[in-house]
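S.K.: Coordinates in my_file.csv, CSV, C-alpha atoms and all ligand atoms, are listed below.
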chain,number,residue,atom,x,y,z
Z,1,THR,CA,-15.7,6.9,21.6
Z,2,ARG,CA,-16.4,4.5,18.7
Z,3,GLU,CA,-14.3,1.7,17.2
Z,4,ILE,CA,-14.8,-1.1,14.7
Z,5,HIS,CA,-14.6,-4.7,15.7
Z,6,LEU,CA,-14.2,-7.9,13.6
Z,7,ALA,CA,-17.6,-9.6,14.0
Z,8,GLN,CA,-17.1,-12.4,11.5
Z,9,ARG,CA,-14.3,-13.6,9.2
Z,10,PRO,CA,-15.2,-13.0,5.6
Z,11,THR,CA,-14.8,-15.7,3.0
Z,12,ALA,CA,-14.8,-13.4,0.0
Z,13,LEU,CA,-15.2,-9.6,-0.1
Z,14,PRO,CA,-15.8,-8.3,3.4
Z,15,GLY,CA,-19.4,-7.1,3.8
Z,16,PRO,CA,-21.4,-5.2,6.5
Z,17,GLU,CA,-21.7,-8.5,8.5
Z,18,THR,CA,-17.9,-8.5,8.9
Z,19,TYR,CA,-17.9,-5.5,11.3
Z,20,ARG,CA,-19.5,-4.4,14.5
Z,21,PHE,CA,-19.4,-0.7,15.5
Z,22,VAL,CA,-18.8,-0.5,19.2
Z,23,GLU,CA,-19.3,2.5,21.5
Z,24,ARG,CA,-17.0,2.4,24.6
Z,25,GLU,CA,-15.4,4.3,27.4
Z,26,LEU,CA,-11.7,5.2,27.0
Z,27,ARG,CA,-9.5,3.8,29.8
Z,28,GLU,CA,-7.7,6.1,32.2
Z,29,LEU,CA,-4.2,7.3,31.2
Z,30,ARG,CA,-1.3,5.8,33.0
Z,31,ASP,CA,2.2,7.4,33.3
Z,32,GLY,CA,3.7,7.7,29.9
Z,33,ASP,CA,0.4,7.4,28.0
Z,34,VAL,CA,-1.2,9.7,25.5
Z,35,LEU,CA,-4.8,10.1,24.4
Z,36,VAL,CA,-4.9,10.6,20.6
Z,37,GLU,CA,-7.8,11.9,18.6
Z,38,ASN,CA,-7.4,10.3,15.2
Z,39,ILE,CA,-7.4,12.7,12.2
Z,40,VAL,CA,-7.0,10.2,9.4
Z,41,LEU,CA,-7.1,6.4,9.1
Z,42,THR,CA,-5.7,4.1,6.5
Z,43,VAL,CA,-7.1,1.0,4.8
Z,44,ASP,CA,-4.4,-1.2,3.3
Z,45,PRO,CA,-4.7,-4.5,1.3
Z,46,TYR,CA,-2.7,-6.5,3.9
Z,47,MET,CA,-5.7,-6.1,6.3
Z,48,ARG,CA,-7.7,-8.5,4.2
Z,49,PRO,CA,-5.5,-11.6,4.7
Z,50,ARG,CA,-5.4,-10.6,8.4
Z,51,MET,CA,-9.1,-11.1,8.6
Z,52,ASN,CA,-8.6,-14.8,7.8
Z,53,ASP,CA,-7.5,-17.2,10.6
Z,54,VAL,CA,-4.2,-18.1,9.1
Z,55,LYS,CA,-0.6,-17.9,10.3
Z,56,SER,CA,1.3,-15.1,8.5
Z,57,TYR,CA,3.9,-12.5,9.0
Z,58,VAL,CA,1.4,-10.5,11.1
Z,59,PRO,CA,-1.0,-12.3,13.4
Z,60,PRO,CA,-4.7,-12.5,12.3
Z,61,PHE,CA,-7.2,-9.9,13.7
Z,62,LYS,CA,-9.0,-11.3,16.7
Z,63,LEU,CA,-12.8,-11.9,16.5
Z,64,ASP,CA,-14.8,-9.5,18.7
Z,65,HIS,CA,-11.8,-7.2,19.1
Z,66,ALA,CA,-11.1,-3.8,17.6
Z,67,LEU,CA,-9.4,-4.0,14.2
Z,68,ASP,CA,-6.1,-2.0,14.0
Z,69,GLY,CA,-4.0,-0.3,11.4
Z,70,GLY,CA,-2.2,2.9,10.7
Z,71,ALA,CA,-3.5,6.2,11.8
Z,72,VAL,CA,-2.4,9.8,12.3
Z,73,GLY,CA,-3.9,11.9,15.1
Z,74,VAL,CA,-3.4,14.7,17.5
Z,75,VAL,CA,-2.5,14.3,21.2
Z,76,VAL,CA,-5.4,15.7,23.2
Z,77,GLU,CA,-4.3,14.5,26.7
Z,78,SER,CA,-0.8,13.5,27.7
Z,79,ARG,CA,1.1,11.9,30.5
Z,80,SER,CA,4.2,11.7,28.4
Z,81,GLU,CA,6.8,14.4,28.5
Z,82,ALA,CA,8.0,13.6,25.0
Z,83,LEU,CA,4.5,14.1,23.5
Z,84,PRO,CA,2.8,17.2,24.8
Z,85,VAL,CA,-0.8,18.0,23.9
Z,86,GLY,CA,-1.0,19.2,20.3
Z,87,SER,CA,1.7,16.8,19.0
Z,88,ILE,CA,0.8,15.1,15.7
Z,89,VAL,CA,1.6,11.4,15.9
Z,90,SER,CA,1.4,8.3,13.7
Z,91,HIS,CA,0.5,5.1,15.4
Z,92,GLY,CA,-1.0,1.7,14.9
Z,93,LEU,CA,-4.5,2.0,16.5
Z,94,GLY,CA,-6.6,2.8,13.5
Z,95,TRP,CA,-10.2,1.7,12.8
Z,96,ARG,CA,-11.3,3.9,15.8
Z,97,GLU,CA,-11.9,7.6,16.7
Z,98,HIS,CA,-9.6,7.8,19.7
Z,99,ALA,CA,-6.7,5.8,21.0
Z,100,VAL,CA,-5.1,5.6,24.4
Z,101,LEU,CA,-1.6,4.2,24.1
Z,102,ALA,CA,1.9,4.3,25.7
Z,103,GLY,CA,3.9,7.2,24.2
Z,104,GLN,CA,6.6,4.8,23.0
Z,105,TYR,CA,4.1,3.4,20.4
Z,106,ALA,CA,3.4,6.8,18.9
Z,107,LYS,CA,5.8,8.4,16.5
Z,108,ARG,CA,5.9,12.2,16.5
Z,109,ILE,CA,5.8,13.8,13.1
Z,110,GLU,CA,6.6,17.2,11.8
Z,111,LEU,CA,4.1,18.1,9.1
Z,112,ASN,CA,6.2,20.9,7.6
Z,113,GLY,CA,3.2,22.1,5.7
Z,114,LEU,CA,2.2,18.7,4.4
Z,115,PRO,CA,-1.2,17.1,5.0
Z,116,SER,CA,-1.2,14.6,7.8
Z,117,SER,CA,-2.5,11.9,5.5
Z,118,TYR,CA,0.8,11.9,3.6
Z,119,PHE,CA,2.4,10.1,6.5
Z,120,LEU,CA,0.1,7.1,5.8
Z,121,GLY,CA,1.1,7.1,2.2
Z,122,VAL,CA,3.9,8.7,0.2
Z,123,LEU,CA,6.0,9.4,3.4
Z,124,GLY,CA,4.6,6.4,5.3
Z,125,MET,CA,4.4,2.6,4.9
Z,126,PRO,CA,3.3,2.5,1.2
Z,127,GLY,CA,6.1,4.9,0.2
Z,128,MET,CA,8.7,2.9,2.1
Z,129,THR,CA,7.4,-0.2,0.4
Z,130,ALA,CA,7.8,1.2,-3.0
Z,131,TRP,CA,11.3,2.5,-2.2
Z,132,ALA,CA,12.5,-0.7,-0.5
Z,133,GLY,CA,11.0,-3.0,-3.1
Z,134,LEU,CA,12.4,-1.1,-6.1
Z,135,PHE,CA,15.9,-0.2,-4.9
Z,136,ASP,CA,16.7,-2.6,-2.0
Z,137,VAL,CA,14.9,-5.8,-3.1
Z,138,ALA,CA,15.0,-5.6,-6.9
Z,139,GLY,CA,18.2,-3.6,-7.0
Z,140,PHE,CA,16.9,-1.3,-9.8
Z,141,GLN,CA,19.7,0.5,-11.7
Z,142,PRO,CA,19.4,3.6,-14.0
Z,143,GLY,CA,18.9,2.5,-17.6
Z,144,GLU,CA,16.8,-0.5,-16.7
Z,145,SER,CA,13.1,-1.1,-17.7
Z,146,VAL,CA,10.5,-1.7,-15.1
Z,147,PHE,CA,7.0,-3.2,-15.1
Z,148,VAL,CA,4.7,-2.6,-12.1
Z,149,SER,CA,1.2,-4.0,-11.5
Z,150,ALA,CA,-1.6,-2.2,-9.5
Z,151,ALA,CA,0.3,0.8,-10.8
Z,152,ALA,CA,-2.4,3.4,-10.1
Z,153,GLY,CA,-2.5,2.5,-6.4
Z,154,ALA,CA,-0.6,3.8,-3.4
Z,155,VAL,CA,2.5,1.6,-3.8
Z,156,GLY,CA,2.5,1.1,-7.6
Z,157,SER,CA,2.1,4.8,-8.5
Z,158,LEU,CA,5.2,5.6,-6.4
Z,159,VAL,CA,7.2,2.6,-7.8
Z,160,GLY,CA,6.7,3.9,-11.3
Z,161,GLN,CA,7.6,7.4,-10.5
Z,162,PHE,CA,10.6,6.4,-8.4
Z,163,ALA,CA,11.8,4.4,-11.4
Z,164,ARG,CA,11.3,7.3,-13.8
Z,165,LEU,CA,13.0,9.8,-11.4
Z,166,GLY,CA,15.8,7.2,-10.9
Z,167,GLY,CA,16.6,7.1,-14.6
Z,168,ALA,CA,14.6,4.1,-15.9
Z,169,GLU,CA,14.8,3.4,-19.6
Z,170,ARG,CA,11.1,2.5,-19.8
Z,171,VAL,CA,8.3,2.2,-17.2
Z,172,VAL,CA,5.0,0.5,-17.8
Z,173,GLY,CA,2.2,-0.1,-15.4
Z,174,SER,CA,-1.0,-2.1,-15.4
Z,175,ALA,CA,-4.2,-0.9,-13.9
Z,176,GLY,CA,-8.0,-1.7,-14.0
Z,177,SER,CA,-9.6,1.2,-15.9
Z,178,ALA,CA,-9.1,3.4,-18.9
Z,179,GLY,CA,-9.1,6.4,-16.6
Z,180,LYS,CA,-6.2,5.0,-14.5
Z,181,VAL,CA,-4.3,4.1,-17.7
Z,182,ALA,CA,-4.6,7.7,-18.8
Z,183,LEU,CA,-3.5,9.0,-15.4
Z,184,LEU,CA,-0.4,6.9,-15.5
Z,185,VAL,CA,0.7,8.1,-18.9
Z,186,ASP,CA,-0.5,11.7,-18.8
Z,187,GLU,CA,0.2,12.7,-15.2
Z,188,LEU,CA,2.6,10.3,-13.6
Z,189,GLY,CA,5.1,10.0,-16.5
Z,190,PHE,CA,4.8,6.3,-17.3
Z,191,ASP,CA,5.9,5.5,-20.8
Z,192,ALA,CA,2.9,3.3,-21.3
Z,193,ALA,CA,0.2,1.5,-19.4
Z,194,ILE,CA,-2.2,-1.4,-19.9
Z,195,ASN,CA,-5.7,-2.0,-18.7
Z,196,TYR,CA,-5.8,-5.6,-17.5
Z,197,ARG,CA,-9.6,-5.6,-17.6
Z,198,ASP,CA,-9.3,-5.5,-21.4
Z,199,GLY,CA,-8.0,-9.1,-21.1
Z,200,ASP,CA,-5.0,-10.9,-22.5
Z,201,VAL,CA,-2.6,-9.6,-19.9
Z,202,MET,CA,0.1,-11.9,-21.4
Z,203,GLY,CA,-0.2,-10.3,-24.9
Z,204,GLN,CA,-0.5,-6.8,-23.6
Z,205,VAL,CA,2.6,-7.0,-21.4
Z,206,GLY,CA,4.5,-8.5,-24.4
Z,207,ALA,CA,3.4,-5.7,-26.7
Z,208,ALA,CA,4.3,-3.0,-24.2
Z,209,PHE,CA,7.9,-4.3,-23.9
Z,210,PRO,CA,9.2,-5.2,-27.3
Z,211,ASP,CA,12.7,-5.4,-25.7
Z,212,GLY,CA,11.6,-7.0,-22.4
Z,213,PHE,CA,12.2,-5.5,-19.0
Z,214,ASP,CA,14.7,-6.0,-16.2
Z,215,VAL,CA,12.5,-5.5,-13.1
Z,216,TYR,CA,9.0,-6.6,-12.2
Z,217,PHE,CA,7.4,-5.1,-9.1
Z,218,ASP,CA,4.5,-7.5,-8.3
Z,219,ASN,CA,1.5,-6.2,-6.4
Z,220,VAL,CA,-1.0,-8.5,-8.0
Z,221,GLY,CA,0.2,-12.1,-8.5
Z,222,GLY,CA,-1.9,-14.4,-10.7
Z,223,ASP,CA,-2.1,-13.6,-14.4
Z,224,HIS,CA,0.3,-10.6,-14.0
Z,225,LEU,CA,3.0,-12.7,-12.4
Z,226,GLU,CA,2.6,-15.3,-15.1
Z,227,ALA,CA,2.9,-12.6,-17.9
Z,228,ALA,CA,5.9,-11.1,-16.2
Z,229,LEU,CA,7.7,-14.4,-16.0
Z,230,GLU,CA,7.1,-14.8,-19.8
Z,231,HIS,CA,8.4,-11.4,-20.8
Z,232,ILE,CA,11.0,-10.4,-18.3
Z,233,ASN,CA,14.6,-10.5,-19.6
Z,234,GLU,CA,17.3,-13.0,-18.6
Z,235,ARG,CA,18.7,-12.3,-15.1
Z,236,GLY,CA,15.7,-10.1,-14.4
Z,237,ARG,CA,14.7,-9.4,-10.8
Z,238,MET,CA,11.2,-9.6,-9.3
Z,239,ALA,CA,10.2,-7.8,-6.1
Z,240,LEU,CA,7.3,-9.8,-4.8
Z,241,CYS,CA,5.4,-7.3,-2.8
Z,242,GLY,CA,1.8,-8.4,-2.8
Z,243,SER,CA,-0.7,-10.7,-4.5
Z,244,ILE,CA,-4.0,-8.8,-4.3
Z,245,SER,CA,-5.7,-10.8,-7.1
Z,246,GLY,CA,-5.8,-13.6,-4.6
Z,247,TYR,CA,-6.8,-11.9,-1.4
Z,248,ASN,CA,-10.5,-12.5,-1.7
Z,249,ASP,CA,-10.2,-15.7,-3.6
Z,250,PRO,CA,-10.2,-19.0,-1.7
Z,251,ASN,CA,-8.4,-20.6,-4.6
Z,252,PRO,CA,-5.8,-18.1,-5.9
Z,253,THR,CA,-4.1,-18.8,-9.2
Z,254,GLY,CA,-0.5,-18.4,-10.2
Z,255,PRO,CA,2.1,-19.0,-12.9
Z,256,ARG,CA,1.8,-22.4,-14.4
Z,257,ASN,CA,5.3,-22.7,-15.7
Z,258,MET,CA,7.9,-21.8,-13.2
Z,259,PHE,CA,10.6,-23.4,-15.4
Z,260,LYS,CA,10.8,-20.0,-17.1
Z,261,ALA,CA,12.5,-18.7,-13.9
Z,262,VAL,CA,15.1,-21.4,-14.2
Z,263,GLY,CA,16.1,-20.8,-17.8
Z,264,LYS,CA,16.2,-17.0,-17.4
Z,265,ARG,CA,18.2,-17.2,-14.1
Z,266,LEU,CA,15.7,-15.0,-12.5
Z,267,THR,CA,15.8,-13.6,-8.9
Z,268,MET,CA,12.4,-13.6,-7.3
Z,269,ARG,CA,12.4,-12.1,-3.9
Z,270,GLY,CA,9.5,-11.7,-1.5
Z,271,PHE,CA,9.8,-8.9,1.0
Z,272,ILE,CA,8.1,-7.2,4.0
Z,273,VAL,CA,8.6,-3.5,4.3
Z,274,GLY,CA,9.4,-3.6,8.0
Z,275,ASP,CA,12.7,-5.5,7.3
Z,276,HIS,CA,14.1,-2.5,5.3
Z,277,GLU,CA,14.5,0.2,7.9
Z,278,HIS,CA,18.1,0.8,6.9
Z,279,VAL,CA,16.9,2.6,3.7
Z,280,ARG,CA,14.5,4.9,5.6
Z,281,PRO,CA,16.9,7.9,5.9
Z,282,GLU,CA,17.6,7.9,2.1
Z,283,PHE,CA,13.9,7.3,1.4
Z,284,GLU,CA,12.8,10.3,3.5
Z,285,ARG,CA,15.4,12.6,2.2
Z,286,LYS,CA,14.9,11.8,-1.5
Z,287,VAL,CA,11.1,11.6,-1.5
Z,288,GLY,CA,10.8,14.7,0.6
Z,289,GLN,CA,13.0,16.5,-2.0
Z,290,TRP,CA,10.9,15.2,-4.9
Z,291,LEU,CA,7.7,16.2,-3.2
Z,292,ARG,CA,9.0,19.8,-2.6
Z,293,SER,CA,10.3,20.2,-6.1
Z,294,GLY,CA,7.0,19.0,-7.6
Z,295,GLU,CA,8.7,16.2,-9.5
Z,296,LEU,CA,6.6,13.6,-7.7
Z,297,THR,CA,2.8,13.5,-8.1
Z,298,TYR,CA,0.9,12.1,-5.2
Z,299,ARG,CA,-2.8,11.1,-5.4
Z,300,GLU,CA,-5.3,10.1,-2.7
Z,301,THR,CA,-8.9,8.9,-2.6
Z,302,ALA,CA,-10.5,9.9,0.6
Z,303,TRP,CA,-13.7,8.6,2.3
Z,304,GLU,CA,-15.2,10.6,5.1
Z,305,GLY,CA,-15.9,9.5,8.7
Z,306,LEU,CA,-15.6,6.3,10.6
Z,307,ASP,CA,-18.8,4.9,9.2
Z,308,ALA,CA,-17.2,4.9,5.8
Z,309,MET,CA,-14.4,2.5,6.8
Z,310,PRO,CA,-16.1,-0.7,5.5
Z,311,ASP,CA,-16.8,1.1,2.1
Z,312,ALA,CA,-13.3,2.4,1.9
Z,313,PHE,CA,-11.9,-1.0,2.5
Z,314,VAL,CA,-14.0,-2.7,-0.1
Z,315,GLY,CA,-13.4,0.2,-2.4
Z,316,LEU,CA,-9.6,-0.4,-2.0
Z,317,LEU,CA,-10.0,-4.1,-2.8
Z,318,THR,CA,-12.1,-3.5,-5.9
Z,319,GLY,CA,-10.1,-0.6,-7.3
Z,320,LYS,CA,-12.3,2.4,-6.4
Z,321,ASN,CA,-9.2,4.2,-5.2
Z,322,THR,CA,-6.7,6.0,-7.3
Z,323,GLY,CA,-3.5,6.5,-5.3
Z,324,LYS,CA,-3.7,6.1,-1.6
Z,325,ALA,CA,-7.0,5.1,0.0
Z,326,ILE,CA,-7.6,7.0,3.3
Z,327,VAL,CA,-10.5,7.7,5.6
Z,328,ARG,CA,-10.6,11.2,7.0
Z,329,LEU,CA,-12.2,11.7,10.4
Z,330,ARG,CA,-11.5,15.5,10.8
Z,331,GLU,CA,-9.6,18.3,9.2
Z,332,ASP,CA,-5.9,18.7,9.9
M,1,LIG,P1,-3.5,0.0,-3.8
M,1,LIG,O1,-3.6,1.4,-3.5
M,1,LIG,O2,-2.7,-0.4,-5.0
M,1,LIG,O3,-4.9,-0.6,-3.9
M,1,LIG,C1,-5.2,-1.9,-4.3
M,1,LIG,C2,-5.4,-1.9,-5.9
M,1,LIG,O4,-5.3,-3.2,-6.3
M,1,LIG,C3,-6.8,-1.4,-6.3
M,1,LIG,O5,-6.8,0.0,-6.4
M,1,LIG,C4,-7.0,-2.2,-7.6
M,1,LIG,O6,-6.7,-1.3,-8.7
M,1,LIG,C5,-6.0,-3.3,-7.6
M,1,LIG,N1,-6.6,-4.6,-7.7
M,1,LIG,C6,-7.6,-5.1,-6.9
M,1,LIG,N2,-7.9,-6.4,-7.3
M,1,LIG,C7,-7.1,-6.6,-8.4
M,1,LIG,C8,-7.0,-7.8,-9.2
M,1,LIG,N3,-7.7,-8.9,-9.1
M,1,LIG,N4,-6.1,-7.7,-10.2
M,1,LIG,C9,-5.3,-6.6,-10.4
M,1,LIG,N5,-5.4,-5.5,-9.6
M,1,LIG,C10,-6.3,-5.5,-8.6
M,1,LIG,O7,-2.9,-0.7,-2.5
M,1,LIG,P2,-1.4,-0.6,-2.0
M,1,LIG,O8,-0.6,0.3,-2.9
M,1,LIG,O9,-1.5,-0.2,-0.5
M,1,LIG,O10,-0.9,-2.1,-2.0
M,1,LIG,C11,-0.4,-2.6,-3.3
M,1,LIG,C12,0.1,-4.0,-3.0
M,1,LIG,O11,1.3,-3.9,-2.2
M,1,LIG,C13,-0.8,-5.0,-2.3
M,1,LIG,O12,-0.7,-6.3,-2.9
M,1,LIG,C14,-0.3,-5.0,-0.9
M,1,LIG,O13,-0.7,-6.2,-0.2
M,1,LIG,C15,1.1,-4.9,-1.1
M,1,LIG,N6,1.9,-4.3,0.0
M,1,LIG,C16,3.0,-5.1,0.5
M,1,LIG,C17,3.8,-4.6,1.5
M,1,LIG,C18,4.9,-5.4,1.9
M,1,LIG,O14,5.6,-5.1,2.9
M,1,LIG,N7,5.3,-6.5,1.2
M,1,LIG,C19,3.5,-3.4,2.2
M,1,LIG,C20,2.4,-2.6,1.6
M,1,LIG,C21,1.6,-3.1,0.5
M,1,LIG,P3,-7.2,-1.6,-10.2
M,1,LIG,O15,-8.3,-0.6,-10.4
M,1,LIG,O16,-6.0,-1.3,-11.0
M,1,LIG,O17,-7.7,-3.0,-10.3
Step by step, read the file and then write its structure as structure tokens.
Ligand code: NDP

M.R.:
Amino acid sequence: TREIHLAQRPTALPGPETYRFVERELRELRDGDVLVENIVLTVDPYMRPRMNDVKSYVPPFKLDHALDGGAVGVVVESRSEALPVGSIVSHGLGWREHAVLAGQYAKRIELNGLPSSYFLGVLGMPGMTAWAGLFDVAGFQPGESVFVSAAAGAVGSLVGQFARLGGAERVVGSAGSAGKVALLVDELGFDAAINYRDGDVMGQVGAAFPDGFDVYFDNVGGDHLEAALEHINERGRMALCGSISGYNDPNPTGPRNMFKAVGKRLTMRGFIVGDHEHVRPEFERKVGQWLRSGELTYRETAWEGLDAMPDAFVGLLTGKNTGKAIVRLRED
């Protein structure tokens, strides 16, 4: 089987020298283990900071070891009663074709007619992130206005739609191309969108919200966070979810005048999705319902085959994806 190792720590965008493709034998199954053939793998932005050797909420990837991350696969050999051959499972050993792991680390999923990749996106970690950040962290209420950055991506596209379906007064997103701006407004039901590559993020955010906004969902940091601080309403709340504008930058920028947060009595709260499991039942029920009713639009950008992982990852970090970025190894 084949897997991808971290060969070198990148200092900017990860290139081919970052990775080593390794062919190796799978280990024998022990009692309770399963052998999973991966169907679809995910690339997520948090993997980029994990390539650096710094202490964070997840330990860094180890040099000369296989990378890991979310995956959905099918059990092809089993020594676990709970997970017979043919079970579809999600687990944490991505970046490889096959995984041998203890059954307790694999979560069985019922596809119910949905593509397996949805469990890496709208019904998986990014979906939970959008839900937890908007409702649990920012405390969004019907009638409020919401600004979200990286709005055409996996998390952002769901934040905007959850807000709209949750009764938002106005939802505006920012994204990095005219095509993405059109998608947000024409297909995902955003009230407006801005293209940050046109420049003047500060001015564009102000113009998009003549009456300000109550909630900012931050995926980007940098100039977006600075503009949000300027234009958010008094007692506004910010869910600090990510800061992708800085992930490949050794000297990330940020807001210059934090005193704005004082005068406006803002709440700015960073969060990690794993701490919000208590909202999972509600998330799964509501989002499942919106998917079945067709009220929620879900987009993916798929790359094909393990060899495409490095391209998919750079593509994600540079905005080549619309919606969730995935790498498909085989059909469902
Ligand atoms: P996305 O699908 O949104 O992909 C990343 C997007 O970021 C790209 O498509 C690109 O879109 C945009 N981007 C890249 N560079 C920049 C830049 N310099 N300025 C503005 N936008 C940029 O990824 P996810 O939805 O998976 O993740 C979104 C954010 O959420 C990330 O910051 C991630 O780290 C964070 N996150 C946090 C979690 C938590 O628990 N706190 C859990 C999951 C995700 P464009 O074309 O618009 O530039």

S.K.: If you count all atoms listed in the file, which residues fall within 12 Å of region 204-215 of chain Z, apart from same-chain ones fewer than 6 positions away, as a PyMOL selection string?

M.R.: chain Z and resi 133-135+137-149+159-160+163+168-175+190-198+223-240+264-269

S.K.: Give one line per residue of region 93-157 of chain Z that approaches region 34-45 of chain Z to at most 7 Å, naming the two atoms of the closest pair and their distance in Å to one decimal, counting only C-alpha atoms; sort by chain then ascending residue number and deliver it as a Markdown table.

M.R.:
| residue | atom | partner | partner_atom | distance |
| --- | --- | --- | --- | --- |
| Z:Gly94 | CA | Z:Leu41 | CA | 5.7 |
| Z:Trp95 | CA | Z:Leu41 | CA | 6.7 |
| Z:Glu97 | CA | Z:Asn38 | CA | 5.5 |
| Z:His98 | CA | Z:Glu37 | CA | 4.6 |
| Z:Ala99 | CA | Z:Val36 | CA | 5.1 |
| Z:Val100 | CA | Z:Leu35 | CA | 4.5 |
| Z:Leu101 | CA | Z:Val34 | CA | 5.7 |
| Z:Ala102 | CA | Z:Val34 | CA | 6.2 |
| Z:Gly103 | CA | Z:Val34 | CA | 5.8 |
| Z:Ser117 | CA | Z:Val40 | CA | 6.2 |
| Z:Leu120 | CA | Z:Thr42 | CA | 6.6 |

S.K.: Could the residues in this selection be written to a file with C-alpha atoms, as a PDB file, in the coordinates of the input?

M.R.:
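Final file, result.pdb:
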ATOM      1  CA  GLY Z  94      -6.600   2.800  13.500  1.00  0.00           C
ATOM      2  CA  TRP Z  95     -10.200   1.700  12.800  1.00  0.00           C
ATOM      3  CA  GLU Z  97     -11.900   7.600  16.700  1.00  0.00           C
ATOM      4  CA  HIS Z  98      -9.600   7.800  19.700  1.00  0.00           C
ATOM      5  CA  ALA Z  99      -6.700   5.800  21.000  1.00  0.00           C
ATOM      6  CA  VAL Z 100      -5.100   5.600  24.400  1.00  0.00           C
ATOM      7  CA  LEU Z 101      -1.600   4.200  24.100  1.00  0.00           C
ATOM      8  CA  ALA Z 102       1.900   4.300  25.700  1.00  0.00           C
ATOM      9  CA  GLY Z 103       3.900   7.200  24.200  1.00  0.00           C
ATOM     10  CA  SER Z 117      -2.500  11.900   5.500  1.00  0.00           C
ATOM     11  CA  LEU Z 120       0.100   7.100   5.800  1.00  0.00           C
TER      12      LEU Z 120
END

S.K.: With 10 Å as the threshold, what does the neighbourhood of (-4.6, -9.5, 10.1) contain in terms of residues, counting all atoms listed in the file? Coordinates are those of the file; answer as JSON, numbers by chain.

M.R.: {"Z": [46, 47, 48, 49, 50, 51, 52, 53, 54, 55, 56, 57, 58, 59, 60, 61, 62, 67, 68, 69]}

S.K.: Suppose we keep C-alpha atoms; can you now write the selection as a tab-separated table (two decimals), in the coordinates of the input?

M.R.:
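Output below, filename result_17.tsv:
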chain	number	residue	atom	x	y	z
Z	46	TYR	CA	-2.70	-6.50	3.90
Z	47	MET	CA	-5.70	-6.10	6.30
Z	48	ARG	CA	-7.70	-8.50	4.20
Z	49	PRO	CA	-5.50	-11.60	4.70
Z	50	ARG	CA	-5.40	-10.60	8.40
Z	51	MET	CA	-9.10	-11.10	8.60
Z	52	ASN	CA	-8.60	-14.80	7.80
Z	53	ASP	CA	-7.50	-17.20	10.60
Z	54	VAL	CA	-4.20	-18.10	9.10
Z	55	LYS	CA	-0.60	-17.90	10.30
Z	56	SER	CA	1.30	-15.10	8.50
Z	57	TYR	CA	3.90	-12.50	9.00
Z	58	VAL	CA	1.40	-10.50	11.10
Z	59	PRO	CA	-1.00	-12.30	13.40
Z	60	PRO	CA	-4.70	-12.50	12.30
Z	61	PHE	CA	-7.20	-9.90	13.70
Z	62	LYS	CA	-9.00	-11.30	16.70
Z	67	LEU	CA	-9.40	-4.00	14.20
Z	68	ASP	CA	-6.10	-2.00	14.00
Z	69	GLY	CA	-4.00	-0.30	11.40

S.K.: Counting all atoms listed in the file, name the residues that have an atom within 8 Å of an atom of ligand LIG 1 (chain M); the answer should be given as a ChimeraX atom specification.

M.R.: /Z:43-46,125-126,129,133,149-157,174-177,180,195-197,218-222,224,240-246,270-274,315-325

S.K.: Any idea what the distance is between CA of Leu114 (chain Z) and CA of Val72 (chain Z)?

M.R.: 12.8 Å

S.K.: Just how far from CA of Ala182 (chain Z) is CA of Leu165 (chain Z), in Å to one decimal?

M.R.: 19.2 Å

S.K.: Write out as a PyMOL selection string the residues lying within 7 Å of region 19-23 of chain Z, counting only C-alpha atoms and excluding same-chain residues fewer than 6 positions away.

M.R.: chain Z and resi 1-8

S.K.: Could you name the residues that touch region 276-289 of chain Z at 10 Å or less, counting only C-alpha atoms, but leaving out those on the same chain fewer than 6 positions away, as an mmCIF file with C-alpha atoms, in the frame of the given file?

M.R.:
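Result saved to around27.cif:
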data_model
loop_
_atom_site.group_PDB
_atom_site.id
_atom_site.type_symbol
_atom_site.label_atom_id
_atom_site.label_comp_id
_atom_site.auth_asym_id
_atom_site.auth_seq_id
_atom_site.Cartn_x
_atom_site.Cartn_y
_atom_site.Cartn_z
ATOM 1 C CA VAL Z 122 3.900 8.700 0.200
ATOM 2 C CA LEU Z 123 6.000 9.400 3.400
ATOM 3 C CA GLY Z 124 4.600 6.400 5.300
ATOM 4 C CA GLY Z 127 6.100 4.900 0.200
ATOM 5 C CA MET Z 128 8.700 2.900 2.100
ATOM 6 C CA THR Z 129 7.400 -0.200 0.400
ATOM 7 C CA ALA Z 130 7.800 1.200 -3.000
ATOM 8 C CA TRP Z 131 11.300 2.500 -2.200
ATOM 9 C CA ALA Z 132 12.500 -0.700 -0.500
ATOM 10 C CA GLY Z 133 11.000 -3.000 -3.100
ATOM 11 C CA PHE Z 135 15.900 -0.200 -4.900
ATOM 12 C CA ASP Z 136 16.700 -2.600 -2.000
ATOM 13 C CA VAL Z 137 14.900 -5.800 -3.100
ATOM 14 C CA LEU Z 158 5.200 5.600 -6.400
ATOM 15 C CA PHE Z 162 10.600 6.400 -8.400
ATOM 16 C CA GLU Z 295 8.700 16.200 -9.500
ATOM 17 C CA LEU Z 296 6.600 13.600 -7.700
#

S.K.: Take CA of Trp290 (chain Z) and CA of Gly166 (chain Z) and report the distance between them in Å, one decimal.

M.R.: 11.1 Å

S.K.: Residues within 8 Å of Asn248 (chain Z), please, as a list in words. Count all atoms listed in the file; anything in the same chain fewer than 6 positions from it doesn't count.

M.R.: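 Listing them by chain and then by number gives Thr11, Ala12, Leu13 and Arg48 of chain Z.
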
S.K.: Which neighbours of region 106-109 of chain Z fall inside 8 Å, counting all atoms listed in the file, when residues of the same chain fewer than 3 positions from it are skipped, and could you give them as a compact mmCIF listing (two decimals) with C-alpha atoms, in the frame of the given file?

M.R.:
# COMPACT_ATOMS: atom_id res chain seq x y z
CA LEU Z 83 4.50 14.10 23.50
CA SER Z 87 1.70 16.80 19.00
CA ILE Z 88 0.80 15.10 15.70
CA VAL Z 89 1.60 11.40 15.90
CA SER Z 90 1.40 8.30 13.70
CA HIS Z 91 0.50 5.10 15.40
CA GLY Z 92 -1.00 1.70 14.90
CA LEU Z 101 -1.60 4.20 24.10
CA ALA Z 102 1.90 4.30 25.70
CA GLY Z 103 3.90 7.20 24.20
